[in-house]
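To keep things clear, I will list the structure first and then write my remarks on it.
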Amino acid sequence: MRVFEIAAFAVRGLNANKMRSGLTTLGILIGVASVILLIAVGNGASSAVEQSIAGLGTNILTISPQRAQPGSTAKPLTTADAAALVGSDSPDVKYASPVVSAQATAGYGDTTHDIGQFIGSDPRYFDTTNSAVAQGNLFSDNDVQQARKVVVIGATVATQLFPGTDPVGKSMLVNNIPFTVVGVLAAKGSSGLQDADDMAVAPLTTTQNALTGYGSLTQIVVQAQSADALPNAQAQVTTILNGRHKITGTTADYRILSQDQLLTARTATTETFTVLLASVAAISLLVGGIGITNIMLVTVTERIREIGIRKAVGAPRSSILGQFLIEATLLSLFGGFLGVAAGMIGSQFTIAGIKPVLVPSSVLLAFAVSALIGLFFGSYPASRAAKLRPIEALRHE
């Protein structure tokens, strides 16, 4: 029997029970759409993280405290450390800003908002992190010296606390302490994992006086003279801090991360998360394949007499095998096609703050896997149908 005739029998078999075929297709549809969409979300998160980190500049170093090696005492990062990093011993360092972070809840009127990042630093922090002001002004060195309670807020904080109102000049409460808003930063956008605009920056001395106390700095943010000067700047910073902290071993009480290292670490984490999501979604495809096996087994049982008649009039085993394999494969392909369409449509929407980025290879892979699932999970029912003896099939009730 020619291939197109076998295919025609397969199509007629599927049309005989459209409801059952539709339910089987639904499992494959969900699996394929889930794989495509979750990989797109993971890829979108990676792109957002890369853009967020790149937005800070490629010439940034971040210094954080780290546990010292056994037998030695860890020294805190101090404002004196930050000041020592800029000078004749470090010609490739342009700025070094001390940073402290605080947990802060802001309030204005009857509205409150938990600020994602409340930072205390100096005016050079804005240059170091490429943060531009959109409204009002930044605070000054004099504000730091006088420990004035002024603050520059991000776009998200401005929207949450002052919807439809100019925040500049308004007084807001930060942990029940009044701060005057002197400026609003230009929006940087969200990476999906963290909103870069959900932040506020106040003078370092004010933050230490009112919120954190005078302990260790959370970070020192360093800007090199250029991206090319970054390795030299890192070496100079390391030499200065080792001398100040009297580091003689291989493990320091601080760590230095460049933007490239930070990007690599964040990207690796996001990729691992994407693989995990895709693996979970792939289970849906497996469940869909099991559904195909069950449905095809029921179909074979219901059509035993039909199979017996076809064999009695001379249909070879290969045509019976081919018919049921084609039925299973068509179910998978149709479900895969609908799943691809659903995944591509779903990737046009923002999900959990992340704009999915469609990966063409994931579309092809998911569709190909759906076809293979039909062949694999349909082979057992098809083989069972092909092995039926005509006499036994005709006697079946």
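To be explicit about the labels: the chains of the structure tokens are called A, B, and onward in the order shown, and within each one the residues are counted from 1, while ligands get numbers from 1 in the order they are shown.
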
- request: Step one, run DSSP on the backbone; step two, keep only residues of segment 29-251 of chain A assigned to strand (DSSP E or B); then write them as a ChimeraX atom specification.
  value: /A:60-65,87,90,93-108,111-121,133-136,150-153,171-174,177-185,190,195,199-203,219-224

- In Å, with one decimal, what is the gap from atom CA of Asp127 of chain A to atom CA of Thr156 of chain A?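 Separating atom CA of Asp127 of chain A from atom CA of Thr156 of chain A is a distance of 20.3 Å.
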
**Request:** Per DSSP on the backbone, filter segment 17-266 of chain A down to the residues in helix (DSSP H, G or I) and report them as a ChimeraX atom specification.
**Result:** /A:18-55,79-84,124-128,141-146,155-161,204-212,230-244,259-266
